[in-house]
file model_15.txt (compact mmCIF, C-alpha atoms)
# COMPACT_ATOMS: atom_id res chain seq x y z
CA MET A 372 112.14 122.88 -62.83
CA ILE A 373 108.90 124.69 -61.88
CA PHE A 374 106.86 126.02 -64.80
CA ARG A 375 104.95 129.23 -64.34
CA PRO A 376 101.26 129.30 -65.37
CA GLN A 377 101.99 131.41 -68.45
CA LYS A 378 104.54 128.88 -69.73
CA ILE A 379 102.14 126.01 -69.25
CA MET A 380 99.43 128.04 -71.00
CA LEU A 381 101.64 128.64 -74.04
CA ILE A 382 102.56 124.97 -74.30
CA VAL A 383 98.92 123.88 -74.03
CA ILE A 384 97.72 126.51 -76.53
CA PHE A 385 100.22 125.39 -79.16
CA LEU A 386 99.46 121.72 -78.53
CA ILE A 387 95.71 122.24 -79.05
CA LEU A 388 96.36 124.38 -82.14
CA ALA A 389 98.54 121.61 -83.58
CA MET A 390 95.92 118.97 -82.79
CA GLY A 391 93.30 121.19 -84.39
CA LEU A 392 95.31 121.48 -87.61
CA VAL A 393 95.83 117.70 -87.73
CA CYS A 394 92.11 117.13 -87.28
CA LEU A 395 91.07 119.88 -89.70
CA TYR A 396 93.41 118.51 -92.38
CA SER A 397 91.69 115.15 -92.09
CA SER A 398 88.18 116.62 -92.07
CA CYS A 399 88.97 118.55 -95.27
CA HIS A 400 89.55 115.25 -97.09
CA GLN A 401 86.95 112.96 -98.55
CA LYS A 402 87.99 109.47 -99.72
CA GLY A 403 91.59 110.65 -99.72
CA VAL A 404 90.92 113.72 -101.88
CA PHE A 405 91.79 117.17 -100.48
CA ILE A 406 88.42 118.75 -101.31
CA LYS A 407 88.60 121.74 -98.94
CA LYS A 408 92.17 122.94 -99.27
CA ASP A 409 91.04 126.58 -99.19
CA ILE A 410 89.53 126.08 -95.73
CA PHE A 411 92.75 124.56 -94.39
CA ASP A 412 94.88 127.33 -95.93
CA LYS A 413 92.66 130.03 -94.40
CA GLN A 414 92.90 128.39 -90.99
CA LEU A 415 96.68 128.41 -91.25
CA LEU A 416 96.55 132.12 -92.01
CA TRP A 417 94.20 132.84 -89.09
CA ILE A 418 96.44 130.88 -86.73
CA GLY A 419 99.41 132.96 -87.82
CA VAL A 420 97.48 136.19 -87.30
CA GLY A 421 96.15 134.98 -83.96
CA ILE A 422 99.60 134.00 -82.66
CA CYS A 423 100.92 137.44 -83.59
CA PHE A 424 98.11 139.05 -81.59
CA LEU A 425 98.71 136.60 -78.73
CA PHE A 426 102.31 137.75 -78.28
CA LEU A 427 101.46 141.38 -78.98
CA MET A 428 98.77 141.50 -76.28
CA SER A 429 101.01 139.60 -73.85
CA ARG A 430 103.34 142.62 -74.00
CA PHE A 431 100.59 145.24 -73.83
CA ASP A 432 99.86 146.57 -70.33
CA TYR A 433 96.33 145.35 -69.61
CA ARG A 434 95.75 148.26 -67.21
CA ARG A 435 95.36 150.53 -70.24
CA LEU A 436 92.47 148.49 -71.62
CA PRO A 437 89.65 150.24 -69.66
CA ILE A 438 90.21 153.37 -71.77
CA ALA A 439 89.08 151.46 -74.88
CA ILE A 440 86.06 149.70 -73.35
CA VAL A 441 83.37 152.28 -74.17
CA PRO A 442 84.50 152.76 -77.82
CA LEU A 443 84.82 148.98 -78.19
CA TYR A 444 81.32 148.43 -76.79
CA ALA A 445 79.92 151.05 -79.19
CA LEU A 446 81.77 149.41 -82.10
CA THR A 447 80.38 146.01 -81.10
CA LEU A 448 76.79 147.29 -81.01
CA PHE A 449 77.24 149.05 -84.35
CA SER A 450 78.71 145.95 -86.04
CA LEU A 451 75.96 143.71 -84.60
CA PHE A 452 73.33 146.13 -85.92
CA PHE A 453 75.08 146.56 -89.27
CA VAL A 454 75.34 142.80 -89.84
CA LEU A 455 71.54 142.62 -89.69
CA ILE A 456 71.38 145.08 -92.61
CA ALA A 457 74.30 144.14 -94.83
CA GLY A 458 75.58 140.88 -93.37
CA ARG A 459 76.26 137.71 -95.29
CA THR A 460 73.68 134.96 -94.87
CA ILE A 461 74.86 131.36 -94.54
CA MET A 462 72.45 128.49 -93.84
CA GLY A 463 69.67 130.90 -92.91
CA ALA A 464 71.73 132.92 -90.39
CA GLN A 465 72.90 136.47 -91.07
CA ARG A 466 76.01 136.61 -88.88
CA TRP A 467 78.98 137.54 -91.07
CA LEU A 468 80.45 140.73 -92.48
CA SER A 469 82.47 139.93 -95.60
CA VAL A 470 85.55 141.70 -96.95
CA GLY A 471 86.70 139.99 -100.12
CA ASP A 472 87.23 136.29 -99.45
CA PHE A 473 87.28 136.72 -95.69
CA SER A 474 84.36 136.98 -93.30
CA PHE A 475 84.19 138.36 -89.77
CA GLN A 476 81.64 137.45 -87.13
CA PRO A 477 80.84 140.48 -84.91
CA SER A 478 79.22 138.28 -82.28
CA GLU A 479 82.66 136.83 -81.47
CA LEU A 480 83.93 140.34 -80.78
CA GLY A 481 80.93 140.76 -78.48
CA LYS A 482 82.14 137.97 -76.18
CA PHE A 483 85.49 139.70 -75.69
CA THR A 484 83.87 143.11 -75.27
CA LEU A 485 81.44 141.92 -72.59
CA ILE A 486 84.23 140.30 -70.58
CA LEU A 487 86.13 143.60 -70.59
CA LEU A 488 83.01 145.63 -69.84
CA LEU A 489 81.83 143.49 -66.93
CA ALA A 490 85.34 143.20 -65.49
CA LYS A 491 85.63 146.97 -65.44
CA TYR A 492 82.10 147.54 -64.09
CA PHE A 493 82.38 145.05 -61.22
CA SER A 494 85.89 146.22 -60.31
CA ARG A 495 84.79 149.84 -59.79
CA LYS A 496 82.59 149.16 -56.78
CA SER A 497 82.67 146.26 -54.34
CA MET A 498 79.51 144.16 -54.57
CA ARG A 499 79.82 143.59 -50.84
CA ASP A 500 79.24 147.30 -50.32
CA VAL A 501 76.21 147.08 -52.57
CA ALA A 502 74.81 144.13 -50.64
CA SER A 503 75.38 145.68 -47.21
CA SER A 504 73.46 148.85 -48.01
CA ALA A 505 69.67 149.08 -47.75
CA ASP A 506 69.39 151.50 -50.67
CA PRO A 507 66.73 150.14 -53.11
CA SER A 508 68.78 151.37 -56.04
CA ASN A 509 71.44 148.76 -55.26
CA PHE A 510 69.43 146.09 -57.08
CA PHE A 511 69.62 148.31 -60.16
CA LYS A 512 73.36 148.94 -59.74
CA GLY A 513 74.25 145.40 -58.81
CA LEU A 514 72.26 143.46 -61.39
CA VAL A 515 69.82 145.35 -63.61
CA LEU A 516 72.32 147.83 -65.10
CA PRO A 517 75.03 145.29 -66.03
CA LEU A 518 72.34 142.86 -67.20
CA GLY A 519 70.97 145.54 -69.52
CA MET A 520 74.45 146.06 -70.99
CA VAL A 521 74.57 142.33 -71.74
CA LEU A 522 71.01 141.92 -73.02
CA LEU A 523 71.40 144.66 -75.64
CA PRO A 524 74.07 142.85 -77.71
CA ALA A 525 72.52 139.47 -76.81
CA GLY A 526 69.21 140.60 -78.32
CA LEU A 527 70.93 141.70 -81.53
CA VAL A 528 72.69 138.34 -81.74
CA LEU A 529 69.43 136.49 -81.12
CA ILE A 530 67.83 138.25 -84.10
CA GLN A 531 70.52 136.94 -86.51
CA PRO A 532 69.54 134.21 -85.28
CA ASP A 533 72.34 132.84 -83.09
CA LEU A 534 70.87 131.32 -79.94
CA GLY A 535 74.14 129.68 -78.89
CA THR A 536 76.14 132.91 -78.75
CA ALA A 537 73.32 134.72 -76.93
CA ILE A 538 73.43 131.99 -74.27
CA VAL A 539 77.23 132.41 -74.06
CA TYR A 540 76.73 136.11 -73.28
CA LEU A 541 74.36 135.26 -70.42
CA PHE A 542 76.66 132.53 -69.09
CA ILE A 543 79.60 134.94 -68.98
CA PHE A 544 77.38 137.43 -67.13
CA ILE A 545 76.26 134.86 -64.55
CA ALA A 546 79.79 133.54 -63.96
CA MET A 547 81.29 137.01 -63.50
CA CYS A 548 78.40 138.13 -61.29
CA PHE A 549 78.89 135.12 -59.05
CA LEU A 550 82.64 135.64 -58.65
CA ALA A 551 82.30 139.43 -58.36
CA GLY A 552 80.22 138.93 -55.23
CA VAL A 553 76.79 139.96 -56.52
CA PRO A 554 74.32 139.12 -53.68
CA ARG A 555 72.74 135.70 -53.95
CA ARG A 556 69.24 137.11 -53.63
CA PHE A 557 69.85 139.15 -56.78
CA MET A 558 71.07 136.07 -58.68
CA ILE A 559 68.23 133.85 -57.45
CA GLY A 560 65.71 136.46 -58.51
CA PHE A 561 67.30 136.73 -61.96
CA LEU A 562 67.36 132.94 -62.49
CA GLY A 563 63.78 132.63 -61.23
CA LEU A 564 62.63 135.27 -63.67
CA GLY A 565 64.41 133.50 -66.51
CA LEU A 566 62.75 130.18 -65.71
CA ALA A 567 59.34 131.86 -65.49
CA LEU A 568 59.78 133.45 -68.93
CA PHE A 569 61.13 130.31 -70.62
CA PRO A 570 57.71 129.01 -71.82
CA PHE A 571 57.07 132.37 -73.54
CA PHE A 572 60.55 132.29 -75.11
CA TRP A 573 59.66 129.06 -76.94
CA HIS A 574 57.26 130.94 -79.24
CA PHE A 575 60.05 133.24 -80.47
CA LEU A 576 62.35 130.41 -81.58
CA LYS A 577 62.84 129.64 -85.25
CA ALA A 578 61.47 126.37 -86.64
CA TYR A 579 64.92 124.76 -86.92
CA GLN A 580 65.77 125.79 -83.33
CA LYS A 581 62.59 124.11 -82.06
CA ALA A 582 63.48 121.03 -84.13
CA ARG A 583 66.93 120.86 -82.52
CA LEU A 584 65.44 120.96 -79.03
CA LEU A 585 62.91 118.26 -79.89
CA VAL A 586 65.63 116.12 -81.48
CA PHE A 587 67.68 116.44 -78.29
CA LEU A 588 64.80 114.89 -76.36
CA ASN A 589 64.36 112.16 -78.99
CA PRO A 590 67.06 111.95 -81.73
CA ASN A 591 65.04 109.33 -83.61
CA ILE A 592 62.10 111.68 -84.13
CA ASP A 593 63.71 112.93 -87.35
CA PRO A 594 66.66 110.62 -88.16
CA LEU A 595 67.08 111.88 -91.73
CA GLY A 596 66.53 115.56 -90.90
CA ALA A 597 67.34 117.51 -87.74
CA GLY A 598 68.56 114.39 -85.92
CA TYR A 599 70.84 113.12 -88.69
CA THR A 600 74.03 114.93 -87.71
CA VAL A 601 73.74 114.06 -84.02
CA ILE A 602 73.15 110.38 -84.82
CA GLN A 603 76.14 110.27 -87.17
CA SER A 604 78.26 112.14 -84.64
CA LYS A 605 77.55 109.58 -81.91
CA ILE A 606 78.26 106.74 -84.34
CA ALA A 607 81.62 108.34 -85.24
CA ILE A 608 82.71 108.84 -81.62
CA GLY A 609 81.51 105.41 -80.53
CA SER A 610 83.24 103.65 -83.41
CA GLY A 611 86.56 105.18 -82.36
CA ARG A 612 86.55 102.94 -79.27
CA LEU A 613 89.74 103.08 -77.19
CA PHE A 614 92.53 103.98 -79.62
CA GLY A 615 90.60 105.22 -82.66
CA LYS A 616 90.66 104.19 -86.30
CA GLY A 617 93.75 106.20 -87.12
CA TRP A 618 94.43 109.54 -88.78
CA MET A 619 92.36 110.08 -91.95
CA SER A 620 90.83 106.60 -91.50
CA GLY A 621 87.47 107.57 -90.01
CA THR A 622 84.63 106.20 -92.10
CA GLN A 623 81.94 108.65 -90.95
CA SER A 624 84.03 111.68 -91.89
CA GLN A 625 85.93 110.36 -94.91
CA LEU A 626 82.77 108.92 -96.50
CA ASN A 627 80.88 112.20 -95.92
CA PHE A 628 78.31 110.86 -93.47
CA LEU A 629 79.20 113.55 -90.92
CA ALA A 630 78.03 117.08 -91.74
CA GLU A 631 79.77 120.24 -90.47
CA ARG A 632 82.77 118.10 -89.58
CA HIS A 633 85.24 120.97 -89.88
CA THR A 634 83.27 123.34 -87.63
CA ASP A 635 80.73 122.38 -84.95
CA PHE A 636 81.31 118.62 -85.16
CA ILE A 637 85.08 118.49 -85.44
CA PHE A 638 85.26 116.70 -82.08
CA SER A 639 83.47 113.76 -83.71
CA VAL A 640 86.25 113.53 -86.27
CA TRP A 641 88.85 113.63 -83.51
CA GLY A 642 87.03 111.01 -81.43
CA GLU A 643 86.61 108.64 -84.37
CA GLU A 644 90.25 108.86 -85.45
CA TRP A 645 91.96 109.00 -82.03
CA GLY A 646 89.48 107.18 -79.82
CA PHE A 647 88.85 107.56 -76.12
CA ILE A 648 92.55 108.05 -75.33
CA GLY A 649 92.90 110.92 -77.80
CA SER A 650 89.65 112.49 -76.62
CA PHE A 651 90.78 112.24 -73.00
CA VAL A 652 94.08 113.96 -73.83
CA LEU A 653 92.25 116.79 -75.61
CA VAL A 654 89.80 117.32 -72.73
CA PHE A 655 92.69 117.19 -70.25
CA LEU A 656 94.53 119.93 -72.15
CA TYR A 657 91.44 122.14 -72.14
CA GLY A 658 91.02 121.55 -68.41
CA LEU A 659 94.68 122.37 -67.78
CA LEU A 660 94.40 125.58 -69.81
CA ILE A 661 91.32 126.73 -67.87
CA LEU A 662 92.98 125.80 -64.57
CA MET A 663 96.05 127.89 -65.43
CA ILE A 664 93.85 130.88 -66.31
CA LEU A 665 92.15 130.58 -62.92
CA ARG A 666 95.59 130.31 -61.29
CA VAL A 667 96.53 133.60 -62.94
CA ALA A 668 93.27 135.09 -61.61
CA GLU A 669 94.28 134.07 -58.07
CA THR A 670 97.60 135.90 -58.35
CA ALA A 671 96.34 138.99 -60.22
CA LYS A 672 97.15 142.17 -58.33
CA ASP A 673 93.91 144.00 -59.10
CA THR A 674 90.20 143.19 -59.33
CA PHE A 675 89.93 144.09 -63.01
CA GLY A 676 92.64 141.58 -63.99
CA ARG A 677 91.15 138.90 -61.76
CA LEU A 678 87.64 139.31 -63.19
CA PHE A 679 88.92 139.40 -66.76
CA CYS A 680 90.67 136.04 -66.24
CA VAL A 681 87.48 134.60 -64.76
CA GLY A 682 85.52 135.81 -67.79
CA VAL A 683 87.96 134.19 -70.24
CA ALA A 684 87.95 130.94 -68.26
CA SER A 685 84.14 130.85 -68.23
CA LEU A 686 84.03 131.55 -71.97
CA LEU A 687 86.38 128.67 -72.82
CA PHE A 688 84.71 126.30 -70.35
CA PHE A 689 81.24 126.94 -71.77
CA HIS A 690 82.38 126.48 -75.37
CA VAL A 691 84.25 123.26 -74.64
CA PHE A 692 81.51 121.80 -72.44
CA VAL A 693 78.63 122.60 -74.81
CA ASN A 694 80.46 121.63 -78.01
CA ILE A 695 81.56 118.23 -76.73
CA SER A 696 78.15 117.67 -75.11
CA MET A 697 76.27 118.31 -78.36
CA ASN A 698 78.71 116.04 -80.23
CA ILE A 699 77.82 113.14 -77.94
CA GLY A 700 74.12 114.04 -77.81
CA ALA A 701 74.17 115.27 -74.20
CA CYS A 702 72.82 118.73 -75.04
CA PRO A 703 70.96 120.39 -77.96
CA VAL A 704 72.89 121.53 -81.01
CA VAL A 705 73.44 125.28 -80.62
CA GLY A 706 76.26 125.90 -83.09
CA LEU A 707 79.19 126.70 -80.79
CA PRO A 708 82.71 125.99 -82.13
CA LEU A 709 85.34 124.02 -80.23
CA PRO A 710 88.07 126.56 -79.30
CA PHE A 711 91.29 126.27 -81.36
CA MET A 712 89.97 123.14 -83.11
CA SER A 713 86.98 124.23 -85.20
CA TYR A 714 87.49 126.16 -88.41
CA GLY A 715 86.80 129.88 -88.07
CA GLY A 716 89.00 132.95 -87.93
CA SER A 717 86.84 135.25 -85.79
CA SER A 718 86.60 132.91 -82.82
CA LEU A 719 90.23 131.81 -83.10
CA VAL A 720 91.74 135.30 -83.21
CA ILE A 721 89.48 136.71 -80.46
CA ASN A 722 90.31 133.79 -78.15
CA LEU A 723 94.04 134.23 -78.73
CA VAL A 724 93.77 137.98 -78.09
CA ALA A 725 92.00 137.25 -74.79
CA LEU A 726 94.64 134.70 -73.80
CA GLY A 727 97.38 137.19 -74.69
CA ILE A 728 95.88 139.59 -72.16
CA VAL A 729 95.75 136.79 -69.56
CA LEU A 730 99.47 136.19 -70.19
CA ASN A 731 100.13 139.88 -69.61
CA ILE A 732 98.19 139.77 -66.33
CA ALA A 733 100.39 136.83 -65.30
CA ARG A 734 103.53 138.83 -66.13
CA GLN A 735 102.34 141.91 -64.23
CA LYS A 736 101.90 140.07 -60.93
call {"tool": "encode", "arguments": {"input": "model_15.txt", "output": "structure tokens"}}
result
Amino acid sequence: MIFRPQKIMLIVIFLILAMGLVCLYSSCHQKGVFIKKDIFDKQLLWIGVGICFLFLMSRFDYRRLPIAIVPLYALTLFSLFFVLIAGRTIMGAQRWLSVGDFSFQPSELGKFTLILLLAKYFSRKSMRDVASSADPSNFFKGLVLPLGMVLLPAGLVLIQPDLGTAIVYLFIFIAMCFLAGVPRRFMIGFLGLGLALFPFFWHFLKAYQKARLLVFLNPNIDPLGAGYTVIQSKIAIGSGRLFGKGWMSGTQSQLNFLAERHTDFIFSVWGEEWGFIGSFVLVFLYGLLILMILRVAETAKDTFGRLFCVGVASLLFFHVFVNISMNIGACPVVGLPLPFMSYGGSSLVINLVALGIVLNIARQK
């Protein structure tokens, strides 16, 4: 029996969600005591809401989405601006809008909005036509204008401050530009400009962001401060060895050595409890999910659907790659969650909405 990409996607999504719940349940315990039951219960609720949206969007004709892009972009900018005024501050970052006991992160909506916006923009005019013309305004149309549409929300996110999400916005832009056929000379010029401005960007970073970058270069420079979590994370993953210590038997997580173990560092909990084999299975499932999304992009019958799938695949790839890398000390800590594993309703629901649209694109072929 041959499985279609959408069937494989559904199986993989539910497998990762189940693995995430198993890991989150363990990370919410400390010495066998269920100390964060409210977090686990909220995640269950968000998963239920997200699955409902997943199936709802899989039945919604994605070709109607362009009508809502401009209002959605305006709503995203407004919410990103409003969160700077009346947002909830947690650990020095003002990123959440709260309604009762629940909080929403507008920057997560921004990722989805930018994928829609760029998919629509690059599908309206072939970038090959832009590249073949000698009109000087083509540089503006091909790169500057869409870049400006990305930098505006990215700047608002950077003020919160949320460097990781701002980088995600730029990565989505670069990936979609590359696959939309934006001329290489435009991309090389953009990357060259970014590298030239990087030394000046350092002066605008917050003190804790500078500390994270310095700790990445030398984790032992502040072992009890900025480098503590990374050191404990690597100890947890390394101690898992081949088969892991077993569910709810990880010493680093259960004895509270590992901070943020239900959010940014949940992969450390998984690696400690399930070892290299469990970590390999998880990474394989993520790779299979991204591969199936790209397979849907290949068979999409229009440019908008194809570019949207590419945007979703690049979003998931960047999150998975960066999160696992910072858990093993291979990149600086930037505060990006692991999709479908880390606690957080905003990211979970938005990702499931995006995957629901990918499923619809697969059905429409």
call {"tool": "closest_atom_pairs", "arguments": {"input": "model_15.txt", "of": "segment 670-706 of chain A", "to": "segment 713-734 of chain A", "cutoff": "8 Å", "atoms": "only C-alpha atoms", "output": "tab-separated table"}}
result
residue	atom	partner	partner_atom	distance
A:Thr670	CA	A:Ala733	CA	7.5
A:Ala671	CA	A:Ile732	CA	6.4
A:Gly676	CA	A:Ile732	CA	6.3
A:Phe679	CA	A:Val729	CA	7.8
A:Cys680	CA	A:Val729	CA	6.1
A:Val683	CA	A:Ala725	CA	6.8
call {"tool": "closest_atom_pairs", "arguments": {"input": "model_15.txt", "of": "segment 573-659 of chain A", "to": "segment 394-403 of chain A", "cutoff": "9 Å", "atoms": "all atoms listed in the file", "output": "JSON lines"}}
result
{"residue": "A:Trp618", "atom": "CA", "partner": "A:Ser397", "partner_atom": "CA", "distance": 7.1}
{"residue": "A:Met619", "atom": "CA", "partner": "A:Ser397", "partner_atom": "CA", "distance": 5.1}
{"residue": "A:Ser620", "atom": "CA", "partner": "A:Ser397", "partner_atom": "CA", "distance": 8.6}
{"residue": "A:Gly621", "atom": "CA", "partner": "A:Ser397", "partner_atom": "CA", "distance": 8.9}
{"residue": "A:Thr622", "atom": "CA", "partner": "A:Lys402", "partner_atom": "CA", "distance": 8.9}
{"residue": "A:Ser624", "atom": "CA", "partner": "A:Ser398", "partner_atom": "CA", "distance": 6.5}
{"residue": "A:Gln625", "atom": "CA", "partner": "A:Gln401", "partner_atom": "CA", "distance": 4.6}
{"residue": "A:Leu626", "atom": "CA", "partner": "A:Lys402", "partner_atom": "CA", "distance": 6.2}
{"residue": "A:Asn627", "atom": "CA", "partner": "A:Gln401", "partner_atom": "CA", "distance": 6.7}
{"residue": "A:Arg632", "atom": "CA", "partner": "A:Ser398", "partner_atom": "CA", "distance": 6.1}
{"residue": "A:His633", "atom": "CA", "partner": "A:Ser398", "partner_atom": "CA", "distance": 5.7}
{"residue": "A:Thr634", "atom": "CA", "partner": "A:Leu395", "partner_atom": "CA", "distance": 8.8}
{"residue": "A:Ile637", "atom": "CA", "partner": "A:Cys394", "partner_atom": "CA", "distance": 7.4}
{"residue": "A:Phe638", "atom": "CA", "partner": "A:Cys394", "partner_atom": "CA", "distance": 8.6}
{"residue": "A:Val640", "atom": "CA", "partner": "A:Ser398", "partner_atom": "CA", "distance": 6.8}
{"residue": "A:Trp641", "atom": "CA", "partner": "A:Cys394", "partner_atom": "CA", "distance": 6.1}
{"residue": "A:Glu644", "atom": "CA", "partner": "A:Cys394", "partner_atom": "CA", "distance": 8.7}
call {"tool": "write_last_selection", "arguments": {"input": "model_15.txt", "atoms": "C-alpha atoms", "output": "short mmCIF file (atom, residue, chain, number, x, y, z; two decimals), keeping the file's coordinate frame"}}
result
data_model
loop_
_atom_site.label_atom_id
_atom_site.label_comp_id
_atom_site.auth_asym_id
_atom_site.auth_seq_id
_atom_site.Cartn_x
_atom_site.Cartn_y
_atom_site.Cartn_z
CA TRP A 618 94.43 109.54 -88.78
CA MET A 619 92.36 110.08 -91.95
CA SER A 620 90.83 106.60 -91.50
CA GLY A 621 87.47 107.57 -90.01
CA THR A 622 84.63 106.20 -92.10
CA SER A 624 84.03 111.68 -91.89
CA GLN A 625 85.93 110.36 -94.91
CA LEU A 626 82.77 108.92 -96.50
CA ASN A 627 80.88 112.20 -95.92
CA ARG A 632 82.77 118.10 -89.58
CA HIS A 633 85.24 120.97 -89.88
CA THR A 634 83.27 123.34 -87.63
CA ILE A 637 85.08 118.49 -85.44
CA PHE A 638 85.26 116.70 -82.08
CA VAL A 640 86.25 113.53 -86.27
CA TRP A 641 88.85 113.63 -83.51
CA GLU A 644 90.25 108.86 -85.45
#
call {"tool": "closest_residue", "arguments": {"input": "model_15.txt", "among": "A:Lys672, A:Lys482, A:Arg466, A:Arg555", "to": "Leu541 of chain A", "atoms": "only C-alpha atoms"}}
result
A:Lys482
call {"tool": "residues_around", "arguments": {"input": "model_15.txt", "residues": "Ile530 of chain A", "least_positions_apart": "4", "cutoff": "9 Å", "atoms": "all atoms listed in the file", "output": "list in words"}}
result
Leu455, Gln465, Ala525, Gly526 and Leu534 of chain A
call {"tool": "closest_residue", "arguments": {"input": "model_15.txt", "among": "A:Phe557, A:Phe675, A:Tyr657, A:Tyr599", "to": "Leu629 of chain A", "atoms": "all atoms listed in the file"}}
result
A:Tyr599
call {"tool": "residues_around", "arguments": {"input": "model_15.txt", "residues": "Val652 of chain A", "least_positions_apart": "3", "cutoff": "12 Å", "atoms": "only C-alpha atoms", "output": "list in words"}}
result
Val383, Leu386, Ile387, Met390, Phe614, Trp641, Gly642, Trp645, Gly646, Phe647, Ile648, Gly649, Phe655, Leu656, Tyr657, Gly658 and Leu659 of chain A
